[in-house]
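Undergrad: This is input_18.csv (CSV, C-alpha atoms and all ligand atoms).
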chain,number,residue,atom,x,y,z
A,745,MET,CA,39.5,160.5,-125.8
A,746,LEU,CA,39.7,159.8,-122.1
A,747,ARG,CA,37.1,161.6,-120.1
A,748,THR,CA,38.1,162.7,-116.6
A,749,ILE,CA,36.1,164.7,-114.0
A,750,SER,CA,36.0,168.4,-114.4
A,751,GLY,CA,37.7,169.0,-111.1
A,752,PHE,CA,41.0,168.3,-112.8
A,753,ASP,CA,40.5,171.3,-115.1
A,754,ARG,CA,40.3,173.5,-112.0
A,755,ILE,CA,42.8,172.0,-109.7
A,756,GLY,CA,45.9,174.1,-109.1
A,757,GLU,CA,49.4,173.6,-107.8
A,758,GLU,CA,51.9,174.8,-105.3
A,759,ASN,CA,54.3,176.9,-107.3
A,760,ALA,CA,57.0,176.5,-104.7
A,761,PHE,CA,57.5,172.9,-106.0
A,762,ALA,CA,57.9,174.2,-109.6
A,763,VAL,CA,60.4,176.9,-108.4
A,764,LEU,CA,62.3,174.2,-106.5
A,765,ALA,CA,62.5,172.0,-109.6
A,766,ARG,CA,63.7,175.0,-111.7
A,767,ALA,CA,66.2,176.0,-109.1
A,768,THR,CA,67.5,172.4,-108.9
A,769,ALA,CA,67.8,172.2,-112.7
A,770,LEU,CA,69.7,175.5,-112.8
A,771,ALA,CA,72.0,174.3,-110.0
A,772,ALA,CA,72.6,171.1,-112.0
A,773,GLN,CA,73.7,173.2,-114.9
A,774,GLY,CA,76.4,174.7,-112.6
A,775,LYS,CA,74.6,177.9,-111.6
A,776,ASP,CA,75.0,179.1,-108.1
A,777,ILE,CA,71.4,179.3,-106.8
A,778,ILE,CA,70.3,180.5,-103.4
A,779,ASN,CA,67.0,178.9,-102.6
A,780,LEU,CA,64.6,181.0,-100.6
A,781,GLY,CA,61.6,179.5,-102.4
A,782,ILE,CA,60.5,176.3,-100.7
A,783,GLY,CA,59.1,176.4,-97.2
A,784,GLN,CA,61.0,173.8,-95.4
A,785,PRO,CA,63.6,174.0,-92.5
A,786,ASP,CA,67.1,173.7,-93.8
A,787,PHE,CA,68.0,171.7,-90.6
A,788,LYS,CA,68.2,167.9,-90.5
A,789,THR,CA,65.6,166.0,-88.4
A,790,PRO,CA,67.1,165.7,-84.8
A,791,GLY,CA,69.1,162.5,-84.4
A,792,HIS,CA,67.0,160.9,-81.6
A,793,ILE,CA,64.0,161.0,-84.0
A,794,VAL,CA,65.9,159.4,-86.8
A,795,GLU,CA,67.2,156.7,-84.3
A,796,ALA,CA,63.6,156.0,-83.2
A,797,ALA,CA,62.6,155.3,-86.8
A,798,ILE,CA,65.6,153.0,-87.3
A,799,LYS,CA,64.8,151.2,-84.1
A,800,ALA,CA,61.2,150.7,-85.2
A,801,LEU,CA,62.4,149.2,-88.4
A,802,ARG,CA,64.9,146.9,-86.6
A,803,ASP,CA,62.1,145.9,-84.1
A,804,GLY,CA,60.0,144.7,-87.0
A,805,HIS,CA,57.4,147.4,-87.2
A,806,HIS,CA,56.8,146.8,-90.9
A,807,GLY,CA,53.1,146.3,-91.1
A,808,TYR,CA,49.9,148.3,-91.3
A,809,THR,CA,48.9,150.3,-88.2
A,810,PRO,CA,45.3,151.3,-87.5
A,811,ALA,CA,44.1,153.7,-90.2
A,812,THR,CA,43.8,156.5,-87.7
A,813,GLY,CA,47.4,155.9,-86.5
A,814,LEU,CA,49.0,154.0,-83.6
A,815,LEU,CA,47.3,154.6,-80.3
A,816,ALA,CA,50.7,155.5,-78.9
A,817,ALA,CA,51.2,158.2,-81.6
A,818,ARG,CA,47.7,159.6,-81.0
A,819,GLU,CA,48.4,159.7,-77.3
A,820,ALA,CA,51.6,161.5,-77.9
A,821,VAL,CA,49.6,164.1,-79.9
A,822,VAL,CA,47.2,164.4,-76.9
A,823,ARG,CA,50.2,165.1,-74.6
A,824,ARG,CA,51.7,167.6,-77.0
A,825,THR,CA,48.3,169.4,-77.4
A,826,LEU,CA,47.9,169.7,-73.7
A,827,THR,CA,51.4,171.2,-73.4
A,828,THR,CA,51.0,173.8,-76.2
A,829,THR,CA,47.3,174.7,-75.7
A,830,GLY,CA,46.3,173.6,-72.2
A,831,VAL,CA,43.4,171.6,-73.8
A,832,GLU,CA,42.9,167.9,-73.2
A,833,VAL,CA,41.7,166.2,-76.3
A,834,SER,CA,40.8,162.5,-76.6
A,835,PRO,CA,43.0,160.1,-78.7
A,836,GLU,CA,39.7,159.1,-80.3
A,837,ASN,CA,39.6,162.6,-82.0
A,838,VAL,CA,43.1,162.4,-83.3
A,839,ILE,CA,44.2,161.0,-86.6
A,840,ILE,CA,47.8,160.6,-87.9
A,841,VAL,CA,48.0,161.6,-91.6
A,842,PRO,CA,50.7,161.5,-94.2
A,843,GLY,CA,51.5,165.2,-93.9
A,844,GLY,CA,49.6,168.3,-93.0
A,845,LYS,CA,48.2,168.7,-96.5
A,846,VAL,CA,46.2,165.6,-96.2
A,847,THR,CA,44.1,167.2,-93.4
A,848,MET,CA,43.2,170.2,-95.7
A,849,PHE,CA,42.5,167.7,-98.5
A,850,ALA,CA,40.1,165.7,-96.3
A,851,ALA,CA,38.4,168.7,-94.7
A,852,ILE,CA,37.8,170.4,-98.1
A,853,LEU,CA,36.6,167.1,-99.7
A,854,ILE,CA,34.2,166.6,-96.8
A,855,PHE,CA,32.6,170.0,-97.2
A,856,GLY,CA,33.1,171.0,-100.8
A,857,GLU,CA,30.6,170.6,-103.6
A,858,PRO,CA,28.9,172.9,-106.1
A,859,GLY,CA,26.8,175.4,-104.4
A,860,ALA,CA,28.8,175.3,-101.2
A,861,GLU,CA,31.1,178.3,-100.2
A,862,ILE,CA,34.4,177.8,-98.5
A,863,LEU,CA,36.2,180.8,-97.0
A,864,TYR,CA,40.0,180.8,-97.1
A,865,PRO,CA,42.8,183.3,-96.5
A,866,ASP,CA,44.1,185.4,-99.3
A,867,PRO,CA,47.1,185.6,-99.5
A,868,GLY,CA,47.3,182.1,-98.2
A,869,PHE,CA,48.6,178.6,-98.7
A,870,PRO,CA,47.7,177.9,-102.4
A,871,ILE,CA,46.4,174.4,-101.8
A,872,TYR,CA,43.3,175.7,-100.0
A,873,ARG,CA,42.0,177.4,-103.1
A,874,SER,CA,43.1,174.6,-105.4
A,875,MET,CA,41.3,171.9,-103.5
A,876,ILE,CA,38.1,174.1,-103.0
A,877,GLU,CA,38.1,174.6,-106.8
A,878,PHE,CA,38.6,170.8,-107.3
A,879,THR,CA,35.4,170.0,-105.4
A,880,GLY,CA,33.4,172.5,-107.4
A,881,ALA,CA,32.6,174.6,-104.3
A,882,THR,CA,32.9,178.4,-104.5
A,883,PRO,CA,36.2,179.7,-103.1
A,884,VAL,CA,35.6,182.9,-101.1
A,885,PRO,CA,38.8,184.7,-100.3
A,886,VAL,CA,39.1,186.3,-96.9
A,887,PRO,CA,41.5,189.2,-97.2
A,888,VAL,CA,44.5,189.3,-94.8
A,889,ARG,CA,46.0,192.7,-95.2
A,890,GLU,CA,49.5,194.1,-94.6
A,891,GLU,CA,48.0,197.2,-92.8
A,892,ASN,CA,46.4,194.7,-90.4
A,893,GLY,CA,49.7,192.9,-89.7
A,894,PHE,CA,48.6,190.1,-92.1
A,895,ALA,CA,46.1,189.0,-89.4
A,896,PHE,CA,42.5,187.9,-90.0
A,897,SER,CA,40.0,190.7,-89.3
A,898,ALA,CA,37.0,189.2,-87.4
A,899,GLU,CA,34.7,191.8,-88.9
A,900,GLU,CA,35.8,191.2,-92.5
A,901,THR,CA,35.7,187.4,-92.1
A,902,LEU,CA,32.2,187.3,-90.5
A,903,ALA,CA,30.8,189.7,-93.2
A,904,LEU,CA,31.6,187.0,-95.8
A,905,VAL,CA,29.6,184.3,-94.1
A,906,THR,CA,26.4,183.3,-95.9
A,907,PRO,CA,23.8,180.5,-95.5
A,908,ARG,CA,25.9,178.6,-98.1
A,909,THR,CA,29.1,178.8,-96.2
A,910,ARG,CA,30.2,175.3,-95.2
A,911,LEU,CA,33.8,175.8,-94.0
A,912,LEU,CA,36.1,178.6,-92.9
A,913,ILE,CA,39.8,178.0,-93.2
A,914,LEU,CA,42.1,179.9,-90.8
A,915,ASN,CA,45.9,179.9,-90.6
A,916,SER,CA,48.0,181.5,-87.9
A,917,PRO,CA,51.0,181.8,-87.8
A,918,ALA,CA,50.6,182.2,-91.5
A,919,ASN,CA,52.2,181.1,-94.7
A,920,PRO,CA,53.1,183.2,-96.8
A,921,THR,CA,53.0,186.3,-94.7
A,922,GLY,CA,54.3,185.4,-91.3
A,923,GLY,CA,51.3,187.1,-89.8
A,924,VAL,CA,49.9,186.0,-86.4
A,925,THR,CA,46.3,186.8,-85.6
A,926,PRO,CA,46.1,188.1,-82.0
A,927,LYS,CA,44.0,186.4,-79.4
A,928,THR,CA,41.6,189.3,-79.1
A,929,GLU,CA,40.7,189.1,-82.8
A,930,ILE,CA,40.2,185.3,-82.6
A,931,GLU,CA,38.0,185.8,-79.6
A,932,LYS,CA,35.9,188.3,-81.6
A,933,LEU,CA,35.8,185.9,-84.5
A,934,VAL,CA,34.7,182.9,-82.4
A,935,LYS,CA,32.0,185.0,-80.7
A,936,GLY,CA,30.7,186.0,-84.2
A,937,LEU,CA,30.8,182.4,-85.4
A,938,GLU,CA,28.6,181.3,-82.5
A,939,ALA,CA,25.7,182.9,-84.5
A,940,HIS,CA,26.6,180.7,-87.5
A,941,PRO,CA,26.5,177.1,-86.3
A,942,HIS,CA,26.3,175.8,-89.9
A,943,VAL,CA,30.0,176.8,-90.5
A,944,ALA,CA,32.7,174.3,-89.8
A,945,ILE,CA,36.2,175.7,-89.1
A,946,MET,CA,39.6,174.3,-90.1
A,947,SER,CA,42.4,175.9,-88.2
A,948,ASP,CA,45.8,175.3,-89.8
A,949,GLU,CA,48.2,175.6,-86.8
A,950,ILE,CA,51.2,173.9,-88.4
A,951,TYR,CA,53.5,176.8,-87.4
A,952,ASP,CA,52.2,177.0,-83.8
A,953,VAL,CA,55.5,177.1,-82.0
A,954,ILE,CA,57.4,179.2,-84.5
A,955,THR,CA,56.6,182.7,-83.2
A,956,TYR,CA,58.8,185.6,-82.3
A,957,ASP,CA,59.1,188.6,-80.0
A,958,GLY,CA,57.0,187.0,-77.3
A,959,GLU,CA,54.0,186.7,-79.7
A,960,GLU,CA,51.7,183.9,-78.6
A,961,HIS,CA,49.9,181.5,-80.8
A,962,CYS,CA,46.2,181.3,-79.9
A,963,SER,CA,44.8,177.8,-80.7
A,964,LEU,CA,41.2,177.6,-81.8
A,965,LEU,CA,41.0,174.6,-79.6
A,966,THR,CA,40.8,176.9,-76.5
A,967,PHE,CA,37.3,177.9,-77.4
A,968,PRO,CA,34.8,175.2,-76.2
A,969,SER,CA,31.8,176.9,-78.0
A,970,ILE,CA,33.1,175.8,-81.5
A,971,ARG,CA,34.7,172.5,-80.6
A,972,ASP,CA,31.9,170.4,-82.1
A,973,ARG,CA,32.7,171.8,-85.6
A,974,LEU,CA,36.5,172.5,-85.3
A,975,ILE,CA,39.2,170.7,-87.2
A,976,VAL,CA,42.8,171.5,-86.2
A,977,LEU,CA,45.6,170.8,-88.7
A,978,ASN,CA,49.0,170.3,-87.3
A,979,GLY,CA,52.1,168.1,-87.9
A,980,TRP,CA,55.7,167.3,-87.6
A,981,SER,CA,57.0,168.8,-90.9
A,982,LYS,CA,58.0,172.3,-89.8
A,983,THR,CA,58.5,172.0,-86.0
A,984,TRP,CA,60.9,169.0,-86.1
A,985,ALA,CA,62.3,169.5,-89.6
A,986,MET,CA,60.5,166.5,-91.0
A,987,THR,CA,58.9,167.6,-94.3
A,988,GLY,CA,60.1,164.5,-96.1
A,989,TRP,CA,58.7,162.1,-93.6
A,990,ARG,CA,55.2,163.0,-94.5
A,991,MET,CA,53.8,163.1,-91.0
A,992,GLY,CA,50.9,165.2,-89.8
A,993,TRP,CA,48.1,165.0,-87.3
A,994,SER,CA,44.7,166.5,-87.0
A,995,ILE,CA,42.0,166.8,-84.3
A,996,TRP,CA,38.4,166.2,-85.5
A,997,PRO,CA,35.1,166.6,-83.7
A,998,ASP,CA,33.1,163.5,-83.0
A,999,GLY,CA,30.6,164.1,-85.8
A,1000,LEU,CA,33.3,164.2,-88.5
A,1001,TYR,CA,35.9,161.7,-87.2
A,1002,ASP,CA,34.4,158.7,-88.8
A,1003,LYS,CA,34.3,160.4,-92.2
A,1004,VAL,CA,38.1,161.1,-92.1
A,1005,ARG,CA,38.8,157.6,-90.8
A,1006,LYS,CA,36.9,156.1,-93.7
A,1007,LEU,CA,38.8,158.4,-96.1
A,1008,ALA,CA,42.0,157.0,-94.6
A,1009,VAL,CA,40.8,153.4,-95.0
A,1010,ASN,CA,40.0,154.1,-98.7
A,1011,CYS,CA,43.0,156.2,-99.5
A,1012,TRP,CA,46.2,155.8,-97.6
A,1013,SER,CA,45.4,152.9,-95.1
A,1014,CYS,CA,47.8,154.4,-92.5
A,1015,VAL,CA,51.0,156.4,-92.2
A,1016,ASN,CA,54.1,154.2,-92.4
A,1017,ALA,CA,54.8,152.6,-89.0
A,1018,PRO,CA,58.4,153.6,-88.5
A,1019,SER,CA,57.6,157.3,-89.1
A,1020,GLN,CA,54.9,157.1,-86.5
A,1021,TYR,CA,57.5,155.8,-84.0
A,1022,ALA,CA,59.7,158.7,-85.0
A,1023,GLY,CA,56.8,161.1,-84.4
A,1024,ILE,CA,56.3,159.8,-80.9
A,1025,ALA,CA,60.0,160.3,-80.2
A,1026,ALA,CA,59.8,163.9,-81.6
A,1027,ILE,CA,57.0,164.8,-79.2
A,1028,ASP,CA,58.3,163.0,-76.1
A,1029,GLY,CA,62.0,163.6,-76.6
A,1030,PRO,CA,64.1,166.7,-75.8
A,1031,GLN,CA,62.9,169.9,-77.5
A,1032,ASP,CA,66.4,171.6,-77.5
A,1033,ASP,CA,66.7,171.2,-81.3
A,1034,VAL,CA,63.3,172.8,-81.8
A,1035,GLU,CA,64.3,175.7,-79.6
A,1036,LYS,CA,67.6,176.0,-81.4
A,1037,MET,CA,65.8,176.1,-84.8
A,1038,CYS,CA,63.4,178.7,-83.7
A,1039,ARG,CA,66.3,180.9,-82.4
A,1040,ALA,CA,68.1,180.5,-85.7
A,1041,PHE,CA,64.9,181.5,-87.6
A,1042,ASP,CA,64.5,184.5,-85.4
A,1043,SER,CA,68.0,185.8,-86.0
A,1044,ARG,CA,67.6,185.2,-89.8
A,1045,ARG,CA,64.3,187.0,-89.7
A,1046,ARG,CA,66.0,190.1,-88.4
A,1047,ILE,CA,68.7,189.8,-91.1
A,1048,VAL,CA,66.1,189.4,-93.9
A,1049,VAL,CA,63.8,192.2,-92.7
A,1050,ASP,CA,66.7,194.7,-92.2
A,1051,GLY,CA,68.2,193.7,-95.5
A,1052,LEU,CA,65.0,194.0,-97.5
A,1053,ASN,CA,64.1,197.3,-95.9
A,1054,SER,CA,67.5,198.7,-97.0
A,1055,LEU,CA,66.6,198.1,-100.7
A,1056,PRO,CA,65.0,200.8,-102.8
A,1057,GLY,CA,61.3,200.2,-103.5
A,1058,ILE,CA,61.0,197.4,-101.0
A,1059,SER,CA,59.4,197.5,-97.6
A,1060,CYS,CA,59.1,194.5,-95.4
A,1061,ALA,CA,56.8,194.2,-92.4
A,1062,THR,CA,58.4,192.2,-89.6
A,1063,PRO,CA,56.9,188.7,-89.6
A,1064,LYS,CA,55.6,187.5,-86.2
A,1065,GLY,CA,55.7,183.8,-86.9
A,1066,ALA,CA,56.5,180.9,-89.3
A,1067,PHE,CA,59.7,181.4,-91.5
A,1068,TYR,CA,58.6,183.6,-94.3
A,1069,ALA,CA,59.0,187.3,-95.1
A,1070,PHE,CA,56.4,188.8,-97.4
A,1071,PRO,CA,57.9,192.2,-98.6
A,1072,ASN,CA,55.9,194.8,-100.4
A,1073,ILE,CA,57.6,195.4,-103.8
A,1074,LYS,CA,55.0,197.7,-105.3
A,1075,GLN,CA,57.4,200.7,-105.5
A,1076,THR,CA,59.9,198.7,-107.6
A,1077,GLY,CA,57.4,198.8,-110.5
A,1078,TRP,CA,57.9,195.1,-111.1
A,1079,PRO,CA,54.9,192.7,-111.3
A,1080,ALA,CA,55.6,190.2,-108.6
A,1081,LYS,CA,55.7,187.0,-110.6
A,1082,GLN,CA,58.0,188.6,-113.3
A,1083,LEU,CA,60.3,189.8,-110.6
A,1084,ALA,CA,60.5,186.4,-109.0
A,1085,ALA,CA,61.2,184.7,-112.3
A,1086,ALA,CA,63.9,187.3,-113.2
A,1087,LEU,CA,65.5,187.0,-109.9
A,1088,LEU,CA,65.9,183.3,-110.3
A,1089,ASP,CA,67.1,183.4,-113.9
A,1090,GLU,CA,69.3,186.4,-113.7
A,1091,ALA,CA,70.3,186.7,-110.1
A,1092,GLY,CA,70.2,183.1,-109.0
A,1093,VAL,CA,67.8,183.8,-106.1
A,1094,ALA,CA,64.8,181.4,-105.9
A,1095,LEU,CA,61.7,183.0,-104.2
A,1096,ILE,CA,58.0,183.0,-104.9
A,1097,GLY,CA,55.8,185.7,-106.4
A,1098,GLY,CA,52.9,186.8,-104.2
A,1099,PRO,CA,50.2,186.1,-106.7
A,1100,ASP,CA,50.9,182.4,-106.2
A,1101,PHE,CA,49.2,182.8,-102.9
A,1102,GLY,CA,46.2,184.7,-104.0
A,1103,ILE,CA,44.8,187.8,-105.6
A,1104,LEU,CA,46.0,190.1,-102.8
A,1105,GLY,CA,49.5,188.7,-103.2
A,1106,GLU,CA,50.2,191.0,-106.2
A,1107,GLY,CA,52.8,193.5,-105.2
A,1108,TYR,CA,54.5,191.1,-102.8
A,1109,ILE,CA,57.1,188.3,-103.0
A,1110,ARG,CA,57.7,185.5,-100.5
A,1111,LEU,CA,61.1,184.6,-99.2
A,1112,SER,CA,61.6,181.6,-96.9
A,1113,TYR,CA,64.3,182.4,-94.5
A,1114,ALA,CA,64.8,178.7,-93.7
A,1115,ASN,CA,68.3,179.1,-95.1
A,1116,SER,CA,71.7,180.1,-93.6
A,1117,GLU,CA,72.5,183.7,-92.6
A,1118,GLU,CA,75.3,183.7,-95.1
A,1119,ASN,CA,73.0,182.7,-97.9
A,1120,ILE,CA,70.3,185.2,-96.9
A,1121,LEU,CA,72.9,188.0,-96.9
A,1122,ARG,CA,74.2,186.9,-100.3
A,1123,ALA,CA,70.6,186.8,-101.6
A,1124,ILE,CA,69.9,190.3,-100.4
A,1125,GLU,CA,73.1,191.5,-102.1
A,1126,ARG,CA,72.1,189.9,-105.3
A,1127,ILE,CA,68.6,191.4,-105.2
A,1128,GLU,CA,70.1,194.8,-104.5
A,1129,ARG,CA,72.4,194.5,-107.5
A,1130,PHE,CA,69.6,193.2,-109.7
A,1131,LEU,CA,67.3,196.1,-108.8
A,1132,ALA,CA,70.1,198.6,-109.4
A,1133,LYS,CA,70.5,197.4,-113.0
B,1201,LIG,N1,49.8,174.3,-93.9
B,1201,LIG,C1,50.6,175.3,-94.2
B,1201,LIG,C2,50.2,176.7,-93.9
B,1201,LIG,C3,51.8,175.1,-94.8
B,1201,LIG,O1,52.7,176.1,-95.1
B,1201,LIG,C4,52.2,173.8,-95.2
B,1201,LIG,C5,53.5,173.5,-95.9
B,1201,LIG,O2,54.1,174.3,-96.4
B,1201,LIG,C6,51.3,172.8,-94.9
B,1201,LIG,C7,50.1,173.1,-94.3
B,1201,LIG,C8,51.6,171.3,-95.3
B,1201,LIG,O3,52.5,170.7,-94.5
B,1201,LIG,P1,53.0,169.2,-94.9
B,1201,LIG,O4,54.3,169.3,-95.5
B,1201,LIG,O5,53.1,168.5,-93.5
B,1201,LIG,O6,52.0,168.6,-95.8
How would this structure read if it were set down as structure tokens?
Ligand code: PLP

TA:
Amino acid sequence: MLRTISGFDRIGEENAFAVLARATALAAQGKDIINLGIGQPDFKTPGHIVEAAIKALRDGHHGYTPATGLLAAREAVVRRTLTTTGVEVSPENVIIVPGGKVTMFAAILIFGEPGAEILYPDPGFPIYRSMIEFTGATPVPVPVREENGFAFSAEETLALVTPRTRLLILNSPANPTGGVTPKTEIEKLVKGLEAHPHVAIMSDEIYDVITYDGEEHCSLLTFPSIRDRLIVLNGWSKTWAMTGWRMGWSIWPDGLYDKVRKLAVNCWSCVNAPSQYAGIAAIDGPQDDVEKMCRAFDSRRRIVVDGLNSLPGISCATPKGAFYAFPNIKQTGWPAKQLAAALLDEAGVALIGGPDFGILGEGYIRLSYANSEENILRAIERIERFLAK
């Protein structure tokens, strides 16, 4: 019998990938499946970014880069951060990583061990909890509630901090809820955290520019009092429709940077060079495509919210950011995961049950509206017909 570490008995998954595999298998059998499951833009990466990668390959950029990423890529991240947050960071605090997930993996690995507590949003991105469990640390869910616009409550979050808390994970705009935590609440939270200097913070800001109705994303970077223990997760996947390129970046405080650099040296060496050149082009090139995508998400958001709210037993809060709707389905009487499975098998609509995002996800389903308006309308019709049965 092979003996592996116990972390693998506890590690979880991201069910969106299982749903994607099932939806793809059903489609291969000839079923007409509308996929509102996986969280990735349905757009192609803008052409000038693709061209930059091709040029990098043609120019012979085929080798290793520094483990933390090309200086030019890190400097591009510095420019982008200045534009979006007004904060000037040093390229010596930036690392280019193979996808946003790698930053959460690194941060949780650095702080998690038995006896440590890590706070994470519930409902929230499932990998936070999975990785915390993997390290043997205690996962402490921070509730983000519908009645609070799926925003973090500073009071509720701070009440969960103990002397054993090592890391607090924040995410706004949020997956799976589309919630955006207002600046006033973040200010309160940061003020409270000043009394707990033993707590590191990882702010997942991967949806930072995807907000609606004039809602402004407030970056944790704008608070100097916590900068020496703040990790900011960001990346190219969502903003520039680059999920398959595996390109992320993160900003680390001086005291932690060398740890993540060593992790890179030990694990992934560096992100592939042509993708890094593409990443520079994404940041420095025209942003019209990003704006176009955000406008398309906005109009789909209205369609999905109106459509869902017209269905019996379903009520859907208007998401303020990202590209997910997280409707409340409690009145339908369906357990959320069963409803999601039945909708895929019987109605051909792939979406995710709320419990895949945490305990508080029961009674909700997640729809990604990164799909065409036509498909969203067809999906709503199918859900309506299914619920009427
Ligand atoms: N953080 C959040 C909140 C996400 O929703 C996702 C992807 O769905 C990620 C991080 C990971 O992004 P990447 O595909 O760059 O690893």

Undergrad: Fewer than 5 positions away in the same chain doesn't count, so skip those; otherwise give me all residues within 8 Å of range 1006-1010 of chain A, counting all atoms listed in the file, as an MDAnalysis selection string.

TA: chainID A and resid 811:812 850

Undergrad: Counting only C-alpha atoms, select every polymer residue within 9 Å of (32.8, 184.3, -95.3) as defined in the file's coordinates, and provide the selection as a PyMOL selection string.

TA: chain A and resi 861-864+884-886+900-906+909+911-912

Undergrad: Just how far from CA of Ser1043 in chain A is CA of Ile793 in chain A, in Å to one decimal?

TA: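 Pair CA of Ile793 in chain A / CA of Ser1043 in chain A returns 25.2 Å.
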
Undergrad: Kindly indicate which residue among A:Phe752, A:Trp993, A:Phe761, A:Tyr956 lies nearest to Ile782 in chain A, using only C-alpha atoms for the distances.

TA: A:Phe761

Undergrad: What is the distance, in Å and to one decimal place, between CA of Ala817 in chain A and CA of Gly783 in chain A?

TA: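 Between CA of Ala817 in chain A and CA of Gly783 in chain A the gap is 25.2 Å.
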
Undergrad: For ligand LIG 1201 (chain B), return the neighbouring residues as a PDB file with C-alpha atoms, in the frame of the given file (distance at most 10 Å; all atoms listed in the file).

TA:
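Written file, part.pdb:
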ATOM      1  CA  GLU A 758      51.900 174.800-105.300  1.00  0.00           C
ATOM      2  CA  ALA A 760      57.000 176.500-104.700  1.00  0.00           C
ATOM      3  CA  ILE A 782      60.500 176.300-100.700  1.00  0.00           C
ATOM      4  CA  GLY A 783      59.100 176.400 -97.200  1.00  0.00           C
ATOM      5  CA  GLN A 784      61.000 173.800 -95.400  1.00  0.00           C
ATOM      6  CA  VAL A 841      48.000 161.600 -91.600  1.00  0.00           C
ATOM      7  CA  PRO A 842      50.700 161.500 -94.200  1.00  0.00           C
ATOM      8  CA  GLY A 843      51.500 165.200 -93.900  1.00  0.00           C
ATOM      9  CA  GLY A 844      49.600 168.300 -93.000  1.00  0.00           C
ATOM     10  CA  LYS A 845      48.200 168.700 -96.500  1.00  0.00           C
ATOM     11  CA  VAL A 846      46.200 165.600 -96.200  1.00  0.00           C
ATOM     12  CA  THR A 847      44.100 167.200 -93.400  1.00  0.00           C
ATOM     13  CA  MET A 848      43.200 170.200 -95.700  1.00  0.00           C
ATOM     14  CA  PHE A 849      42.500 167.700 -98.500  1.00  0.00           C
ATOM     15  CA  GLY A 868      47.300 182.100 -98.200  1.00  0.00           C
ATOM     16  CA  PHE A 869      48.600 178.600 -98.700  1.00  0.00           C
ATOM     17  CA  PRO A 870      47.700 177.900-102.400  1.00  0.00           C
ATOM     18  CA  ILE A 871      46.400 174.400-101.800  1.00  0.00           C
ATOM     19  CA  TYR A 872      43.300 175.700-100.000  1.00  0.00           C
ATOM     20  CA  LEU A 914      42.100 179.900 -90.800  1.00  0.00           C
ATOM     21  CA  ASN A 915      45.900 179.900 -90.600  1.00  0.00           C
ATOM     22  CA  SER A 916      48.000 181.500 -87.900  1.00  0.00           C
ATOM     23  CA  PRO A 917      51.000 181.800 -87.800  1.00  0.00           C
ATOM     24  CA  ALA A 918      50.600 182.200 -91.500  1.00  0.00           C
ATOM     25  CA  ASN A 919      52.200 181.100 -94.700  1.00  0.00           C
ATOM     26  CA  PRO A 920      53.100 183.200 -96.800  1.00  0.00           C
ATOM     27  CA  GLY A 922      54.300 185.400 -91.300  1.00  0.00           C
ATOM     28  CA  SER A 947      42.400 175.900 -88.200  1.00  0.00           C
ATOM     29  CA  ASP A 948      45.800 175.300 -89.800  1.00  0.00           C
ATOM     30  CA  GLU A 949      48.200 175.600 -86.800  1.00  0.00           C
ATOM     31  CA  ILE A 950      51.200 173.900 -88.400  1.00  0.00           C
ATOM     32  CA  TYR A 951      53.500 176.800 -87.400  1.00  0.00           C
ATOM     33  CA  LEU A 977      45.600 170.800 -88.700  1.00  0.00           C
ATOM     34  CA  ASN A 978      49.000 170.300 -87.300  1.00  0.00           C
ATOM     35  CA  GLY A 979      52.100 168.100 -87.900  1.00  0.00           C
ATOM     36  CA  TRP A 980      55.700 167.300 -87.600  1.00  0.00           C
ATOM     37  CA  SER A 981      57.000 168.800 -90.900  1.00  0.00           C
ATOM     38  CA  LYS A 982      58.000 172.300 -89.800  1.00  0.00           C
ATOM     39  CA  THR A 983      58.500 172.000 -86.000  1.00  0.00           C
ATOM     40  CA  ALA A 985      62.300 169.500 -89.600  1.00  0.00           C
ATOM     41  CA  MET A 986      60.500 166.500 -91.000  1.00  0.00           C
ATOM     42  CA  THR A 987      58.900 167.600 -94.300  1.00  0.00           C
ATOM     43  CA  GLY A 988      60.100 164.500 -96.100  1.00  0.00           C
ATOM     44  CA  TRP A 989      58.700 162.100 -93.600  1.00  0.00           C
ATOM     45  CA  ARG A 990      55.200 163.000 -94.500  1.00  0.00           C
ATOM     46  CA  MET A 991      53.800 163.100 -91.000  1.00  0.00           C
ATOM     47  CA  GLY A 992      50.900 165.200 -89.800  1.00  0.00           C
ATOM     48  CA  TRP A 993      48.100 165.000 -87.300  1.00  0.00           C
ATOM     49  CA  ALA A1066      56.500 180.900 -89.300  1.00  0.00           C
ATOM     50  CA  PHE A1067      59.700 181.400 -91.500  1.00  0.00           C
ATOM     51  CA  TYR A1068      58.600 183.600 -94.300  1.00  0.00           C
TER      52      TYR A1068
END

Undergrad: Could you please give me, as number ranges by chain, the residues of protein, DNA or RNA lying at most 12 Å from (40.7, 170.5, -112.8) in the coordinate frame of the file, considering only C-alpha atoms?

TA: A: 748-757, 873-880

Undergrad: Considering all atoms listed in the file, state which residue in the set A:Cys1011, A:Val953, A:Ala1040, A:Ala1080 is at the smallest distance from Gly1098 in chain A.

TA: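 That would be A:Ala1080, the residue with the smallest distance to Gly1098 in chain A.
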
Undergrad: Under the rule that all atoms listed in the file are counted, which of A:Ser963, A:Thr1062, A:Asn779, A:Ser1116 is the nearest residue to Thr825 in chain A?

TA: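 The shortest atom-to-atom distance to Thr825 in chain A comes from A:Ser963.
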
Undergrad: Rank nothing, just name the residue among A:Glu1125, A:Glu1118, A:Glu1035, A:Asp1100 nearest to Ala762 in chain A, using all atoms listed in the file.

TA: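 The answer is A:Asp1100, which sits nearest to Ala762 in chain A.
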
Undergrad: Between A:Leu965, A:Leu1000, A:Ile1109, A:Ala1086, which is the closest to Cys1060 in chain A once you count all atoms listed in the file?

TA: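 Selected residue with least distance to Cys1060 in chain A: A:Ile1109.
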